[in-house]
>>> print(open('model_22.txt').read())   # compact mmCIF, C-alpha atoms
# COMPACT_ATOMS: atom_id res chain seq x y z
CA MET Z 1 -5.61 3.18 -13.76
CA LYS Z 2 -4.67 6.66 -15.00
CA VAL Z 3 -3.42 9.47 -12.76
CA LEU Z 4 -3.45 13.21 -13.53
CA GLY Z 5 -1.49 15.91 -11.73
CA ILE Z 6 -3.12 19.27 -12.38
CA GLY Z 7 -1.64 22.61 -11.38
CA ASP Z 8 1.84 23.55 -10.24
CA ASN Z 9 5.19 22.76 -11.75
CA VAL Z 10 8.42 24.39 -10.60
CA VAL Z 11 12.13 23.88 -10.45
CA ASP Z 12 13.69 23.45 -7.03
CA LYS Z 13 16.89 25.49 -7.20
CA TYR Z 14 19.51 24.08 -4.85
CA MET Z 15 21.46 27.20 -4.02
CA HIS Z 16 24.38 25.35 -2.39
CA THR Z 17 25.11 23.30 -5.53
CA LYS Z 18 23.65 25.61 -8.22
CA THR Z 19 21.55 22.72 -9.49
CA MET Z 20 17.85 22.82 -10.35
CA TYR Z 21 15.52 19.84 -10.18
CA PRO Z 22 12.00 19.48 -11.63
CA GLY Z 23 9.30 19.65 -8.97
CA GLY Z 24 6.01 21.09 -7.84
CA ASN Z 25 3.37 19.07 -6.01
CA ALA Z 26 1.06 18.37 -8.96
CA LEU Z 27 3.91 17.46 -11.31
CA ASN Z 28 5.56 15.35 -8.60
CA ILE Z 29 2.41 13.28 -8.08
CA ALA Z 30 2.19 12.63 -11.82
CA VAL Z 31 5.86 11.57 -12.05
CA LEU Z 32 5.84 9.52 -8.85
CA SER Z 33 2.63 7.75 -9.90
CA LYS Z 34 4.37 6.88 -13.15
CA MET Z 35 7.23 5.41 -11.09
CA CYS Z 36 4.64 3.35 -9.18
CA GLY Z 37 3.62 1.79 -12.50
CA TYR Z 38 0.59 3.86 -13.49
CA GLU Z 39 -0.18 5.75 -16.68
CA SER Z 40 0.13 9.43 -15.83
CA GLY Z 41 -0.51 12.88 -17.23
CA TYR Z 42 0.17 16.45 -16.21
CA LEU Z 43 -1.97 19.50 -16.94
CA GLY Z 44 -0.44 22.87 -16.07
CA VAL Z 45 1.18 26.06 -17.31
CA PHE Z 46 4.78 26.33 -18.53
CA GLY Z 47 6.72 29.55 -18.95
CA ASP Z 48 9.21 30.22 -21.75
CA ASP Z 49 12.54 30.29 -19.86
CA ASP Z 50 15.29 27.72 -19.21
CA MET Z 51 13.51 26.50 -16.07
CA ALA Z 52 10.31 25.75 -17.96
CA GLN Z 53 12.23 24.01 -20.71
CA HIS Z 54 14.00 21.75 -18.22
CA VAL Z 55 10.76 20.70 -16.51
CA TYR Z 56 8.98 20.19 -19.83
CA LEU Z 57 11.74 18.11 -21.40
CA THR Z 58 12.06 15.99 -18.28
CA ALA Z 59 8.29 15.34 -18.26
CA VAL Z 60 8.44 14.33 -21.93
CA GLN Z 61 11.39 12.04 -21.27
CA LEU Z 62 9.51 10.38 -18.41
CA GLY Z 63 6.51 9.72 -20.65
CA LEU Z 64 3.88 11.98 -19.10
CA ASP Z 65 0.88 12.96 -21.19
CA LEU Z 66 1.14 16.76 -21.63
CA THR Z 67 -1.46 17.20 -24.37
CA HIS Z 68 -3.58 19.78 -22.50
CA CYS Z 69 -0.79 21.92 -21.02
CA ARG Z 70 -0.55 25.69 -21.62
CA TYR Z 71 2.57 27.57 -22.74
CA VAL Z 72 2.89 31.29 -22.03
CA LYS Z 73 5.53 34.01 -21.97
CA GLY Z 74 6.99 34.53 -18.53
CA GLU Z 75 9.04 33.08 -15.72
CA ASN Z 76 8.34 29.51 -14.71
CA GLY Z 77 7.74 28.75 -11.06
CA TYR Z 78 10.76 28.10 -8.85
CA SER Z 79 11.72 27.65 -5.23
CA GLU Z 80 15.13 28.18 -3.64
CA VAL Z 81 16.36 25.36 -1.44
CA GLU Z 82 19.19 24.55 0.94
CA ILE Z 83 20.03 21.07 2.26
CA THR Z 84 21.34 20.65 5.82
CA ASN Z 85 22.20 17.14 7.01
CA GLY Z 86 19.91 15.71 4.34
CA ASP Z 87 16.93 17.84 5.34
CA ARG Z 88 15.65 20.32 2.77
CA LYS Z 89 14.70 23.89 3.67
CA PHE Z 90 12.87 26.37 1.42
CA ILE Z 91 14.47 29.81 1.56
CA GLY Z 92 12.70 31.66 -1.26
CA SER Z 93 10.45 31.43 -4.33
CA ASN Z 94 8.64 33.41 -7.03
CA HIS Z 95 5.29 32.08 -5.74
CA GLY Z 96 4.52 29.88 -8.73
CA GLY Z 97 5.56 32.17 -11.58
CA VAL Z 98 3.26 31.77 -14.58
CA SER Z 99 1.09 29.23 -12.74
CA ARG Z 100 0.02 32.13 -10.51
CA THR Z 101 -0.11 34.92 -13.11
CA ASN Z 102 -1.80 32.73 -15.75
CA PRO Z 103 -3.87 30.19 -13.78
CA LEU Z 104 -5.68 27.42 -15.61
CA SER Z 105 -9.19 28.15 -16.84
CA LEU Z 106 -10.58 24.75 -17.73
CA THR Z 107 -12.50 24.31 -20.98
CA LYS Z 108 -15.10 21.71 -21.88
CA LEU Z 109 -12.37 19.78 -23.71
CA ASP Z 110 -10.16 19.93 -20.61
CA LEU Z 111 -12.94 18.55 -18.44
CA GLU Z 112 -13.61 15.72 -20.89
CA TYR Z 113 -9.87 14.96 -20.78
CA ILE Z 114 -9.85 15.03 -16.95
CA GLN Z 115 -12.79 12.61 -16.95
CA SER Z 116 -10.58 10.01 -18.66
CA PHE Z 117 -8.52 9.68 -15.45
CA GLU Z 118 -9.50 7.84 -12.26
CA LEU Z 119 -7.29 9.80 -9.84
CA VAL Z 120 -6.69 13.57 -10.11
CA HIS Z 121 -4.44 15.50 -7.74
CA THR Z 122 -3.86 19.22 -7.25
CA SER Z 123 -2.40 21.50 -4.58
CA ILE Z 124 -2.68 24.75 -2.70
CA PHE Z 125 0.07 26.11 -4.98
CA SER Z 126 -1.93 25.47 -8.15
CA TYR Z 127 -4.39 28.40 -7.99
CA LEU Z 128 -7.28 26.15 -9.01
CA GLU Z 129 -9.73 26.92 -6.22
CA GLU Z 130 -12.41 28.23 -8.60
CA GLU Z 131 -12.13 25.13 -10.79
CA LEU Z 132 -12.62 22.54 -8.03
CA PRO Z 133 -16.44 22.42 -8.48
CA ASN Z 134 -15.96 21.75 -12.20
CA ILE Z 135 -13.39 19.00 -11.59
CA GLU Z 136 -15.65 17.40 -8.98
CA LYS Z 137 -18.41 17.05 -11.59
CA THR Z 138 -16.18 14.75 -13.66
CA ASN Z 139 -16.61 12.10 -10.92
CA VAL Z 140 -12.89 11.39 -10.58
CA PHE Z 141 -11.27 10.68 -7.21
CA LEU Z 142 -10.00 14.19 -6.41
CA SER Z 143 -7.21 14.84 -3.92
CA MET Z 144 -5.54 18.11 -2.91
CA ASP Z 145 -2.39 18.87 -0.95
CA PHE Z 146 -2.67 21.82 1.42
CA SER Z 147 0.97 21.59 2.57
CA ASP Z 148 1.21 23.38 5.94
CA LYS Z 149 -0.24 26.66 4.64
CA ALA Z 150 -4.03 26.46 4.75
CA GLU Z 151 -6.37 28.21 7.19
CA ASP Z 152 -9.99 27.54 8.12
CA VAL Z 153 -11.49 29.84 5.48
CA TYR Z 154 -9.46 28.16 2.75
CA PHE Z 155 -10.30 24.66 3.99
CA ARG Z 156 -14.00 25.55 3.99
CA GLN Z 157 -13.68 26.80 0.40
CA CYS Z 158 -11.93 23.74 -1.01
CA VAL Z 159 -12.57 20.66 1.11
CA PRO Z 160 -16.23 19.95 0.16
CA TYR Z 161 -15.13 19.07 -3.38
CA LEU Z 162 -12.41 16.61 -2.34
CA ASP Z 163 -12.26 12.88 -1.81
CA CYS Z 164 -8.92 13.21 -0.04
CA ALA Z 165 -7.30 16.19 1.68
CA CYS Z 166 -3.55 16.00 2.35
CA ILE Z 167 -1.76 18.10 4.97
CA SER Z 168 1.83 18.37 6.16
CA CYS Z 169 2.10 18.55 9.95
CA GLY Z 170 5.84 18.34 10.64
CA ASP Z 171 6.48 18.56 14.37
CA MET Z 172 2.85 19.29 15.32
CA GLU Z 173 1.77 17.41 18.45
CA LEU Z 174 -0.33 14.34 17.62
CA GLY Z 175 -3.41 15.56 19.47
CA LYS Z 176 -3.42 18.76 17.42
CA VAL Z 177 -2.90 16.76 14.22
CA LYS Z 178 -5.93 14.59 14.97
CA SER Z 179 -8.03 17.63 15.88
CA LEU Z 180 -7.13 19.36 12.60
CA MET Z 181 -7.92 16.20 10.63
CA ARG Z 182 -11.33 15.87 12.29
CA LYS Z 183 -12.06 19.52 11.47
CA ILE Z 184 -11.18 18.99 7.80
CA MET Z 185 -13.46 15.96 7.64
CA GLU Z 186 -16.25 17.99 9.23
CA TYR Z 187 -15.82 20.62 6.51
CA GLY Z 188 -17.06 18.05 4.00
CA CYS Z 189 -14.13 15.89 2.85
CA LYS Z 190 -15.74 12.81 1.33
CA SER Z 191 -13.38 9.96 2.10
CA LEU Z 192 -9.90 10.48 3.60
CA VAL Z 193 -7.67 13.02 5.32
CA LEU Z 194 -3.96 12.20 5.05
CA ALA Z 195 -1.35 13.86 7.28
CA THR Z 196 2.37 13.40 6.71
CA ARG Z 197 4.63 14.06 9.71
CA GLY Z 198 8.19 13.64 8.44
CA GLU Z 199 10.21 11.33 10.65
CA LYS Z 200 7.10 10.77 12.79
CA GLY Z 201 5.37 8.93 9.96
CA ALA Z 202 1.83 9.45 8.71
CA VAL Z 203 -1.78 9.45 9.92
CA ILE Z 204 -5.00 8.86 7.97
CA LEU Z 205 -8.59 9.55 9.03
CA ASP Z 206 -11.37 7.82 7.12
CA ASP Z 207 -14.99 8.86 6.75
CA SER Z 208 -16.07 6.58 9.61
CA GLY Z 209 -13.87 8.50 12.06
CA ARG Z 210 -11.20 5.80 12.33
CA PHE Z 211 -7.53 6.80 12.54
CA TYR Z 212 -4.70 4.78 10.97
CA PHE Z 213 -1.03 5.24 11.84
CA GLN Z 214 2.17 4.36 9.99
CA SER Z 215 5.73 4.61 11.26
CA PRO Z 216 8.33 5.79 8.74
CA TYR Z 217 10.87 3.49 7.17
CA LEU Z 218 13.86 5.45 8.44
CA VAL Z 219 16.97 5.67 6.29
CA GLU Z 220 20.03 7.90 6.27
CA ALA Z 221 18.60 10.60 4.04
CA THR Z 222 20.50 12.21 1.20
CA ASP Z 223 17.68 14.65 0.56
CA THR Z 224 14.15 14.69 2.03
CA MET Z 225 12.73 16.74 -0.86
CA GLY Z 226 9.53 15.11 -2.10
CA ALA Z 227 9.28 12.50 0.66
CA GLY Z 228 5.75 13.60 1.53
CA ASP Z 229 4.70 13.72 -2.12
CA SER Z 230 6.09 10.21 -2.55
CA PHE Z 231 4.01 8.93 0.34
CA ILE Z 232 0.89 10.57 -1.09
CA ALA Z 233 1.48 9.23 -4.62
CA SER Z 234 2.20 5.69 -3.52
CA PHE Z 235 -0.69 5.57 -1.06
CA LEU Z 236 -3.32 7.09 -3.33
CA THR Z 237 -2.46 5.06 -6.43
CA MET Z 238 -2.61 1.77 -4.56
CA TYR Z 239 -5.71 2.74 -2.56
CA VAL Z 240 -7.78 4.14 -5.43
CA ASP Z 241 -6.78 1.35 -7.81
CA LYS Z 242 -7.70 -1.48 -5.44
CA MET Z 243 -10.88 0.15 -4.08
CA LYS Z 244 -12.28 0.13 -7.63
CA THR Z 245 -12.75 -3.64 -7.34
CA ALA Z 246 -14.07 -3.74 -3.77
CA ARG Z 247 -17.51 -5.32 -3.34
CA ASP Z 248 -19.82 -6.50 -0.59
CA PHE Z 249 -20.52 -10.23 -0.92
CA PRO Z 250 -24.33 -10.22 -1.28
CA LEU Z 251 -24.96 -13.58 0.37
CA ALA Z 252 -22.51 -13.10 3.23
CA LYS Z 253 -23.76 -12.86 6.79
CA LYS Z 254 -22.09 -11.03 9.62
CA ASP Z 255 -21.64 -14.25 11.58
CA ILE Z 256 -19.67 -15.92 8.78
CA GLY Z 257 -15.98 -15.79 9.67
CA ASN Z 258 -14.46 -16.71 6.32
CA GLY Z 259 -12.14 -13.84 5.50
CA ILE Z 260 -13.15 -10.40 4.25
CA VAL Z 261 -16.67 -10.25 2.83
CA PHE Z 262 -17.57 -6.58 3.19
CA LYS Z 263 -16.21 -3.54 1.37
CA LYS Z 264 -15.63 -1.60 4.61
CA GLU Z 265 -13.51 -4.45 6.00
CA PHE Z 266 -11.45 -4.48 2.83
CA GLN Z 267 -11.04 -0.69 2.97
CA LYS Z 268 -9.59 -0.83 6.47
CA SER Z 269 -7.03 -3.45 5.50
CA LEU Z 270 -6.21 -1.68 2.26
CA ILE Z 271 -5.57 1.66 3.96
CA GLN Z 272 -3.05 0.09 6.34
CA ILE Z 273 -1.28 -1.94 3.64
CA SER Z 274 -1.14 1.08 1.31
CA MET Z 275 0.39 3.19 4.11
CA TYR Z 276 3.04 0.52 4.67
CA GLN Z 277 3.95 0.43 0.99
CA ALA Z 278 3.96 4.25 0.87
CA ALA Z 279 6.44 4.40 3.74
CA ILE Z 280 8.86 2.20 1.82
CA PHE Z 281 8.44 4.20 -1.40
CA SER Z 282 8.90 7.48 0.47
CA ALA Z 283 12.15 6.26 2.05
CA ARG Z 284 13.50 5.49 -1.40
CA THR Z 285 12.94 9.11 -2.42
CA CYS Z 286 15.08 10.27 0.53
CA LYS Z 287 18.10 8.62 -1.12
CA CYS Z 288 17.72 10.73 -4.28
CA ASP Z 289 18.81 14.30 -5.01
CA GLY Z 290 15.67 16.30 -5.75
CA THR Z 291 12.31 14.55 -5.65
CA PHE Z 292 13.14 12.24 -8.56
CA GLY Z 293 16.52 13.47 -9.85
CA TYR Z 294 17.13 15.04 -13.28
CA GLY Z 295 19.27 17.86 -11.96
CA LYS Z 296 20.68 20.57 -14.24
CA SER Z 297 23.15 23.34 -13.46
CA PHE Z 298 21.94 26.94 -13.47
>>> encode(input="model_22.txt", output="structure tokens")
Amino acid sequence: MKVLGIGDNVVDKYMHTKTMYPGGNALNIAVLSKMCGYESGYLGVFGDDDMAQHVYLTAVQLGLDLTHCRYVKGENGYSEVEITNGDRKFIGSNHGGVSRTNPLSLTKLDLEYIQSFELVHTSIFSYLEEELPNIEKTNVFLSMDFSDKAEDVYFRQCVPYLDCACISCGDMELGKVKSLMRKIMEYGCKSLVLATRGEKGAVILDDSGRFYFQSPYLVEATDTMGAGDSFIASFLTMYVDKMKTARDFPLAKKDIGNGIVFKKEFQKSLIQISMYQAAIFSARTCKCDGTFGYGKSF
């Protein structure tokens, strides 16, 4: 299976150590999917400064396919970060840099390229809202991370084109989390809504209205940067890859009790197992500086 991250790339500038790490939700999903063992690509916009060079060279070193990326004059995206007791806190940014001032306008060749992937992921920070209908037409599994920023109008604009909508809920009370997830599904999400909740774990809602819950694999964190992205990447790669092979057994009857014989049964088991694996993968990220390392002084 091939995975494409499309949209934002940034550097996360750790102000307390004067070290910058490659990041950005779309780039992170591409890199983390690669670490999960899948062929990955990234399609986005790079600036022409030292930050852009560091992200680009890291992506090349990691083996991402960058053949459809854009390169423009201007400041690459960055965020400013502080770490307190292992927990990361964003304290400033340039709101995406060139990804915002020069957003992607997808060509026919881009869309043919996108169609060669099975899983495509973007984010609220990628400025791709107008392109979602075009990406949907490629028939890929399309996911989007809304972080904790989106409002009803924005959800209504984007969700109908998505197979999976991802949200970050932090300390939000569980009842409110479930209510928000139901609302997103009602707005037209086709398959899954995934909510990450930090040390409270994760929740998934499927298109049948069933909720799934996963406790976190708690570790003494060095840095929680990218923990949510790691959960998303691990879950989605395993889920989408295995669902490709799922089938109903045509001769099976409901009263036959010999294992799993229906696609929906398999889906339920797969969601829970994929969440379990994602919790382990996410915990591993919490032991790393930056989402996946590759720090450089600035």
>>> closest_residue(input="model_22.txt", among="Z:Ser179, Z:Asn76, Z:Asn28, Z:Gln272", to="Ala202 of chain Z", atoms="all atoms listed in the file")
Z:Gln272
>>> closest_residue(input="model_22.txt", among="Z:Glu151, Z:Asp50, Z:Asp65, Z:Glu82", to="Lys13 of chain Z", atoms="only C-alpha atoms")
Z:Glu82
>>> residues_near_point(input="model_22.txt", point="(-16.9, 21.5, -20.3)", cutoff="12 Å", atoms="only C-alpha atoms", output="list in words")
Ser105, Leu106, Thr107, Lys108, Leu109, Asp110, Leu111, Glu112, Tyr113, Ile114, Gln115, Glu131, Pro133, Asn134, Ile135, Lys137 and Thr138 of chain Z
>>> atom_distance(input="model_22.txt", atom1="atom CA of Tyr42 of chain Z", atom2="atom CA of Phe292 of chain Z")
15.6 Å
>>> closest_residue(input="model_22.txt", among="Z:Met185, Z:Ile260, Z:Met20, Z:Met243", to="His54 of chain Z", atoms="only C-alpha atoms")
Z:Met20
>>> residues_around(input="model_22.txt", residues="Leu205 of chain Z", least_positions_apart="5", cutoff="6 Å", atoms="only C-alpha atoms", output="VMD selection string")
chain Z and resid 192 to 193 210 to 211
>>> atom_distance(input="model_22.txt", atom1="atom CA of Ile271 of chain Z", atom2="atom CA of Lys178 of chain Z")
17.0 Å
>>> atom_distance(input="model_22.txt", atom1="atom CA of Met238 of chain Z", atom2="atom CA of Arg156 of chain Z")
27.7 Å
>>> residues_around(input="model_22.txt", residues="Leu142 of chain Z", least_positions_apart="3", cutoff="6 Å", atoms="only C-alpha atoms", output="CSV table (one decimal) with C-alpha atoms, in the frame of the given file")
chain,number,residue,atom,x,y,z
Z,120,VAL,CA,-6.7,13.6,-10.1
Z,121,HIS,CA,-4.4,15.5,-7.7
Z,162,LEU,CA,-12.4,16.6,-2.3
Z,163,ASP,CA,-12.3,12.9,-1.8
>>> closest_residue(input="model_22.txt", among="Z:Met225, Z:Ala150, Z:Val140, Z:Ala233", to="Met35 of chain Z", atoms="all atoms listed in the file")
Z:Ala233
>>> closest_residue(input="model_22.txt", among="Z:Ser40, Z:Asn102, Z:Ser215, Z:Ser230", to="Glu118 of chain Z", atoms="all atoms listed in the file")
Z:Ser40
>>> residues_near_point(input="model_22.txt", point="(1.2, 26.3, -19.6)", cutoff="8 Å", atoms="all atoms listed in the file", output="number ranges by chain")
Z: 43-47, 69-72, 98-99
>>> write_last_selection(input="model_22.txt", atoms="C-alpha atoms", output="PDB file, in the coordinates of the input")
ATOM      1  CA  LEU Z  43      -1.970  19.500 -16.940  1.00  0.00           C
ATOM      2  CA  GLY Z  44      -0.440  22.870 -16.070  1.00  0.00           C
ATOM      3  CA  VAL Z  45       1.180  26.060 -17.310  1.00  0.00           C
ATOM      4  CA  PHE Z  46       4.780  26.330 -18.530  1.00  0.00           C
ATOM      5  CA  GLY Z  47       6.720  29.550 -18.950  1.00  0.00           C
ATOM      6  CA  CYS Z  69      -0.790  21.920 -21.020  1.00  0.00           C
ATOM      7  CA  ARG Z  70      -0.550  25.690 -21.620  1.00  0.00           C
ATOM      8  CA  TYR Z  71       2.570  27.570 -22.740  1.00  0.00           C
ATOM      9  CA  VAL Z  72       2.890  31.290 -22.030  1.00  0.00           C
ATOM     10  CA  VAL Z  98       3.260  31.770 -14.580  1.00  0.00           C
ATOM     11  CA  SER Z  99       1.090  29.230 -12.740  1.00  0.00           C
TER      12      SER Z  99
END
>>> closest_residue(input="model_22.txt", among="Z:Thr224, Z:Gln53, Z:Thr291, Z:Asn94", to="Glu199 of chain Z", atoms="only C-alpha atoms")
Z:Thr224
>>> axis_aligned_box(input="model_22.txt", around="segment 66-83 of chain Z", padding_each_side="3 Å", output="AutoDock Vina command-line options")
--center_x 8.2 --center_y 25.6 --center_z -11.1 --size_x 29.6 --size_y 23.8 --size_z 32.6
>>> residues_around(input="model_22.txt", residues="Thr122 of chain Z", least_positions_apart="5", cutoff="10 Å", atoms="all atoms listed in the file", output="MDAnalysis selection string")
chainID Z and resid 4:8 25:27 29 43 127:129 132 142:146
